[in-house]
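Asker: I have a structure I would like to understand better, so I am pasting it below and will then ask my questions one at a time.
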Amino acid sequence: MPSDFTPAPIPDGKVEVHGKTYMPTAKGGLMPIEMVKPLDLLKDGVVRKVMGYAIALSQQVSRFLGHTFRDIGSLEALMAQEYGAKLGGAKGNITLYTYDGLFKIEVRVQDHLDFGPEVQIAKALFDECLVEWSADSRAEIRSLVTDAFRTDKAGQISRSGIFTLLRTESDDPRWNEALRALRDAMIVIGSKTYVRMWMRPTCDARWSSVTIDLARA
């Protein structure tokens, strides 16, 4: 572990009862420490050590994100005060660059969508069209509908498939009515803000992300 990074305090897991040392078990009991296998003690110590650094790192990332959003918020307030202008788009998406163009920060607001009962009406209308249309001439459209309404393990339909389907066009009024029902079915149930950072050595080089996601480090 890095010597310049202070881990969070983690208890050693030992308890004293009447002057005797025990290790609490996962089942809620107490095991005399002399009866705990050396390998189990070794594993326990490694997990506690790693968790100490992990918790400290998680807390540091949380503080970093808090400072980041406060700094960007201050910049937005200054822009609004000085110029009467708002950074970013209507949804709050923002991209900021350094003057030399070598670093940038992206703030993205992603909506979490659900679908109301209108989605079943849309599906029925799509199916009605596909039944009557020639399977050979509309095979790609049939595939789009199938992909859009295929559910995942959680029972959710495909967001990307729905958005792709919404970009289709047809001269059949039932198809257009199905698209309208699909738009009406979309409900925003919340949103989450993400921040991403990028850098490059020169202005003509490709951007590389500054990774703070442990799974992608």
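Ordering of the structure tokens sets the chain letters (A, B, ...); residue numbers start at 1 within each chain; ligands are numbered from 1 in the order shown.
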Tell me, as a VMD selection string, which residues lie within 12 Å of segment 41-45 of chain A, counting only C-alpha atoms; anything in the same chain fewer than 4 positions away does not count.
Answerer: chain A and resid 10 to 14 22 to 25 31 to 37 49 to 52
Asker: Mind checking which residues fall within 12 Å of Phe115 of chain A, counting only C-alpha atoms, ignoring those fewer than 2 positions away in the same chain, and posting them as a VMD selection string?
Answerer: chain A and resid 112 to 113 117 to 122 149 155 to 159 162 181 to 189
Asker: DSSP on the backbone, helix (DSSP H, G or I) only: what residues of segment 36-216 of chain A does that give? Format it as a ChimeraX atom specification.
Answerer: /A:38-83,118-132,139-149,159-166,173-185,214-216
